[in-house]
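Asks: Following this message is one structure expressed as structure tokens.
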Amino acid sequence: MMKSLGSIRRSFAPWADPASKPFISFRNVTKKFGEFIAVDDLSLDVYTREFFALLGASGCGKSTLLRMLAGFEQPTSGEIILDGQNLAGIPPYRRPVNMMFQSYALFPHMTVENNIAFGLKQDGMPKADIAERVAQMLKLVKLEKFARRKPHQLSGGQRQRVALARSLAKRPKVLLLDEPLGALDKKLREETQFELMDLQQQLGLTFVVVTHDQEEAMTMADRIAVMSHGKVIQVATPAEIYEAPNSRFVADFIGDVNLFDGTVASNENGSVRLETTGGIPIRLASPERFANGAKAAAAIRPEKIRISRQPPAHAPINAAEGEIWDIGYLGDMTVFHVRLKDGKVVKASSLNAVRAVEDPLGYDQQVWISFGEDAGVVLKD
Amino acid sequence: MERWSRFNIASVVLGFGFLYLPIVLLVIFSFNESKLVTVWAGFSTKWYGELWHNQGLLDAAWVTIRVALISATCATVLGTLAALALVRYTRFRGRVLFSGMVYAPLVMPEVITGLSLLLLFVAIGLDRGFWTITLAHITFTMCFVAVVVQSRLLSFDQSIEEAALDLGATPVRTFFAITLPVIAPAVFSGWVLAFTLSLDDLVIASFTTGPGATTLPMKIYSQVRLGVTPEINAICTILIGIVAVGVLIASIVTKRREAQRERDERAAFAAIG
């Protein structure tokens with residue numbers, strides 16, 4: 001029976017299985033450029049057939065990590081293991097990985113065909129086989145008609161496809177993608193995201209993608225490593241990263257978040273009571289226990305905050321009174337900025353599920369914001 | 001179309017006159033019937049014919065061309081390598097000193113370059129002649145090639161070399177399959193520059209020459225000291241012709257390539273829209 005792509009993806013979680021062996025392992029890898037530490041004692045595992053994203057702001061070390069995997073940079077210390085083989089000292093041209101460059105790096109003096117065939121020729125593949133593989137790749141990226149063109153005769157999106165075909169032609173064990181969609185416009189980028197995901201499933205490859213675009217990472221990746229200053233802050237599935245960030249940095253970096261600072265008042269079975277600086281008593285479900293009196297923050301996403309004219313039943317817990325300060329209408333949803341009594345502005349978004357609302361919320365209106373006990377997480381300071 | 005003011009016309013005429021009047025005179029007098037250079041006695045191509053019987057001039061021309069071919073080729077190889085090292089390895093010790101040293105001959109008076117090379121050749125006991133001139137020309141034209149190639153390499157996208165390595169090409173293969181074809185136009189213009197510089201060098205060749213190796217500029221210079229003959233005018237006209245044709249071909253090739261590129265790019269964008 002044919003299994004749909006979706007069902008393969010859903011059941012895919014080798015990182016959760018202690019018996020599965022990682023395909024790529026970074027072990028205590030450090031990379032220094034002079035005094036600057038680009039990658040700082042980093043350890044990370046990537047599994048076979050995983051679509052893995054390295055996400056972070058520019059200069060966080062994500063590209064350096066990718067370049068070390070490709071062999072363009074050597075770690076200052078630590079080791080990188082690929083499929084059981086230590087990569088130390090192996091030059092880029094002997095590594096079973098291929099890379100798709102941010103600038104695409106197409107050979108300007110070669111036709112599309114020859115660009116794709118370049119890697120195969122280096123392996124000494126017979127001519128007939130090369131022709132067959134090139135044709136196959138052109139078909140895969142739907143560029144059959146452009147085989148004889150030079151790169152400067154192609155549009156940005158077509159160049160991106162040639163770069164992809166070229167890096168896939170040798171059937172590498174791992175495909176490295178450096179900001180693969182960075183140079184495309186928004187609409188094309190969204191289409192290409194899904195194409196990349198389908199391609200990865202179809203070919204059964206391991207993808208490691210570097211991106212600064214959190215939406216891109218969330219859409220495509222099985223797991224995301226959020227990086228900052230050469231360190232990995234959190235590695236988890238997109239849903240975990242979003243719903244259960246492990247730190248203020250991750251909560252703030254991915255999506256929008258409201259952070260309520262406070263101190264831990266008590267731990268009850270499975271939940272934590274916080275007394276916030278703004279005077280709101282918050283109770284959130286938490287698997288982790290916190291010391292009483294410890295500084296902590298409640299992180300709650302805007303879409304999990306409700307706005308009502310009347311106080312909710314559970315008030316004053318997880319509820320506060322305020323006035324509507326700003327309204328941002330985005331079409332699919334509306335973002336409200338609600339100013340609480342202590343001056344704190346809370347973001348709350350609501351889906352515009354119906355076309356017209358009777359008596360909509362307006363500026364300066366007195367409202368209540370509220371959220372459930374499972375609406376957010378408690379983060380250590 | 002804008003109207004030309006008198007001032008503009010005057011400045012163009014003056015400028016071009018200043019540049020080309022001597023050359024035009026030389027060309028005209030090369031077709032002079034008279035043996036006296038300054039007296040016009042009717043049109044004739046007899047001096048071009050005479051040229052073919054002047055073995056001394058022909059020998060000198062042959063020496064010059066061989067020197068120029070060999071030295072331009074060697075200088076292109078060395079200059080390209082120097083440019084690669086300077087652009088690529090930005091972190092090696094003494095880079096500033098090294099790049100300064102490569103460019104020094106650009107501003108060094110030719111007399112000094114010539115003299116120092118002569119001293120070197122004498123010191124190491126090298127017999128002066130054809131090969132010492134060639135070596136000297138390699139030395140002084142190499143830096144010109146390095147400058148031309150370096151400016152091309154600065155705008156070179158290094159990731160295409162990384163892509164080639166990534167796809168399994170060794171560094172040597174990468175250089176010959178990717179880097180060299182891409183920078184080839186700059187390398188070629190470096191070669192043309194070195195060739196023409198070598199072709200018309202008088203000072204350095206005079207210092208480093210020996211018996212039996214006389215280049216054309218040296219020959220012309222020595223003959224002019226005995227009086228300008230129409231033959232000299234004729235050979236100079238031929239030289240001008242060669243250089244002019246070379247420059248013309250080079251500029252047509254680049255123009256065409258640019259036009260082709262523009263057309264292709266327009267076509268690509270039209271295809272998107």
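All residue names refer to the structure tokens as shown: chains lettered A, B, ... in order, residues numbered from 1 in each chain, ligands numbered from 1 in order.
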Using only C-alpha atoms, determine which residues lie at most 6 Å from stretch 100-116 of chain B, disregarding the query and same-chain residues fewer than 6 positions distant; provide the list as number ranges by chain.
Replies: B: 143, 204, 207
Asks: Write down, as a PyMOL selection string, each residue of chain A that has any atom within 7 Å of an atom of chain B, counting only C-alpha atoms.
Replies: chain A and resi 92-94+98-99+105-107+109+119+122+152-155
Asks: Export C-alpha atoms of the chosen residues as a compact mmCIF listing (two decimals), in the first residue's frame?
Replies:
# COMPACT_ATOMS: atom_id res chain seq x y z
CA PRO A 92 36.05 19.36 0.31
CA TYR A 93 36.54 17.47 -2.97
CA ARG A 94 36.63 14.11 -1.17
CA ASN A 98 27.37 18.73 -1.67
CA MET A 99 26.41 22.28 -1.07
CA ALA A 105 27.83 29.98 -7.55
CA LEU A 106 26.94 28.77 -11.03
CA PHE A 107 29.87 28.52 -13.43
CA HIS A 109 31.09 30.14 -18.70
CA GLY A 119 30.52 17.07 -10.58
CA GLN A 122 35.03 14.82 -11.84
CA HIS A 152 23.16 34.87 -17.18
CA GLN A 153 20.34 33.94 -19.57
CA LEU A 154 18.21 32.70 -16.68
CA SER A 155 15.96 34.36 -14.14
Asks: Identify which of the residues A:Lys31, A:Arg283, A:Lys127, A:Arg248 lies closest to A:Asn269, counting only C-alpha atoms when measuring atom-to-atom distances.
Replies: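 Between A:Lys31, A:Arg283, A:Lys127, A:Arg248, the residue approaching A:Asn269 most closely is A:Arg283.
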Asks: Show which residues sit within 8 Å of A:Ile24, as a short mmCIF file (atom, residue, chain, number, x, y, z; two decimals) with N, CA and C atoms, in the first residue's frame. Count only C-alpha atoms, and ignore same-chain residues fewer than 4 positions away.
Replies:
data_model
loop_
_atom_site.label_atom_id
_atom_site.label_comp_id
_atom_site.auth_asym_id
_atom_site.auth_seq_id
_atom_site.Cartn_x
_atom_site.Cartn_y
_atom_site.Cartn_z
N ASP A 45 23.63 16.58 16.84
CA ASP A 45 23.44 15.36 16.05
C ASP A 45 22.36 15.59 15.00
N VAL A 46 22.62 15.07 13.79
CA VAL A 46 21.61 15.11 12.73
C VAL A 46 21.42 13.68 12.26
N TYR A 47 20.17 13.30 12.00
CA TYR A 47 19.87 11.90 11.65
C TYR A 47 19.61 11.73 10.16
N ILE A 80 34.09 16.33 13.68
CA ILE A 80 32.83 16.17 12.96
C ILE A 80 32.82 14.75 12.39
N ILE A 81 31.78 14.00 12.72
CA ILE A 81 31.66 12.62 12.24
C ILE A 81 30.51 12.56 11.24
N LEU A 82 30.78 11.99 10.07
CA LEU A 82 29.72 11.80 9.08
C LEU A 82 29.64 10.32 8.74
N ASP A 83 28.51 9.72 9.01
CA ASP A 83 28.30 8.31 8.69
C ASP A 83 29.47 7.45 9.22
#
Asks: Show me, as a ChimeraX atom specification, the residues that have an atom within 8 Å of A:Glu144 when counting only C-alpha atoms, minus same-chain residues fewer than 4 positions from it.
Replies: /A:135,138-139
Asks: Could you give me, as a list in words, the residues within 10 Å of A:Gly343, counting only C-alpha atoms and dropping anything in the same chain fewer than 4 positions from it?
Replies: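 Using only C-alpha atoms, the neighbours found are Gly278, Gly322, Val338 and Arg339 of chain A.
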Asks: Would you output that residue set with N, CA and C atoms, as a tab-separated table (two decimals), in the first residue's frame?
Replies:
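The resulting again_39.tsv:
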chain	number	residue	atom	x	y	z
A	278	GLY	N	3.98	43.30	37.46
A	278	GLY	CA	2.81	44.12	37.19
A	278	GLY	C	1.62	43.78	38.09
A	322	GLY	N	-7.22	46.25	30.87
A	322	GLY	CA	-6.44	47.26	30.16
A	322	GLY	C	-7.28	47.94	29.11
A	338	VAL	N	-2.75	45.87	23.85
A	338	VAL	CA	-3.56	46.25	25.00
A	338	VAL	C	-2.63	46.78	26.08
A	339	ARG	N	-2.94	48.01	26.55
A	339	ARG	CA	-2.09	48.63	27.57
A	339	ARG	C	-2.69	48.34	28.94
Asks: If you measure from atom CA of A:Glu323 to atom CA of A:Ala244, what distance in Å do you get, rounded to one decimal?
Replies: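 Computed distance, atom CA of A:Glu323 to atom CA of A:Ala244, equals 28.8 Å.
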Asks: I'd like to know which residues of stretch 18-260 of chain B are helix (DSSP H, G or I) (by DSSP, run on the backbone); could you write them as a PyMOL selection string?
Replies: chain B and resi 18-30+46-51+55-88+95-107+110-123+130-154+159-166+171-199+203-208+216-225+230-260
Asks: Would you mind listing what lies within 12 Å of B:Gly210 as a list in words, with only C-alpha atoms counted and same-chain residues fewer than 5 positions away left out?
Replies: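 These residues fall inside the cut-off: Leu118, Phe121, Val122, Leu126, Asp127, Arg128, Gly129, Phe130, Trp131, Thr132, Ile133, Thr134, Ala205, Thr215 and Met218 of chain B.
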Asks: Take the residues from that selection and write them out as a CSV table (one decimal), in the first residue's frame, keeping N, CA and C atoms.
Replies:
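again_26.csv, written as the output of this step:
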chain,number,residue,atom,x,y,z
B,118,LEU,N,71.1,45.0,-15.5
B,118,LEU,CA,72.5,44.9,-16.1
B,118,LEU,C,73.5,44.5,-15.1
B,121,PHE,N,73.0,40.8,-14.2
B,121,PHE,CA,73.4,39.9,-15.3
B,121,PHE,C,75.0,39.8,-15.3
B,122,VAL,N,75.6,41.0,-15.1
B,122,VAL,CA,77.0,41.0,-15.0
B,122,VAL,C,77.5,40.2,-13.8
B,126,LEU,N,76.0,36.2,-16.7
B,126,LEU,CA,75.2,35.8,-17.7
B,126,LEU,C,75.6,36.5,-19.0
B,127,ASP,N,75.8,35.8,-20.1
B,127,ASP,CA,76.2,36.4,-21.4
B,127,ASP,C,75.0,37.3,-21.8
B,128,ARG,N,75.3,38.6,-22.1
B,128,ARG,CA,74.1,39.4,-22.5
B,128,ARG,C,73.8,39.2,-24.0
B,129,GLY,N,72.5,39.3,-24.2
B,129,GLY,CA,72.0,39.0,-25.6
B,129,GLY,C,70.5,38.8,-25.6
B,130,PHE,N,70.0,38.0,-26.5
B,130,PHE,CA,68.6,37.8,-26.6
B,130,PHE,C,67.9,37.4,-25.3
B,131,TRP,N,68.5,36.5,-24.5
B,131,TRP,CA,67.8,36.0,-23.3
B,131,TRP,C,67.8,37.0,-22.2
B,132,THR,N,68.9,37.8,-22.1
B,132,THR,CA,68.9,38.8,-21.1
B,132,THR,C,67.8,39.9,-21.3
B,133,ILE,N,67.6,40.2,-22.6
B,133,ILE,CA,66.5,41.2,-22.9
B,133,ILE,C,65.2,40.5,-22.5
B,134,THR,N,65.0,39.3,-22.9
B,134,THR,CA,63.8,38.6,-22.6
B,134,THR,C,63.5,38.6,-21.1
B,205,ALA,N,65.9,47.5,-22.9
B,205,ALA,CA,66.6,46.6,-23.9
B,205,ALA,C,68.0,47.1,-24.1
B,215,THR,N,67.0,45.0,-30.9
B,215,THR,CA,65.6,45.0,-31.1
B,215,THR,C,65.3,46.2,-32.1
B,218,MET,N,65.7,49.7,-30.8
B,218,MET,CA,67.1,50.1,-30.7
B,218,MET,C,67.7,50.4,-32.1
Asks: Please extract the residues of stretch 185-327 of chain A with a backbone DSSP assignment of strand (DSSP E or B) and present them as number ranges by chain.
Replies: A: 206-211, 223-228, 231-236, 258-268, 271-276, 281-285, 295-300, 306-308, 319-327
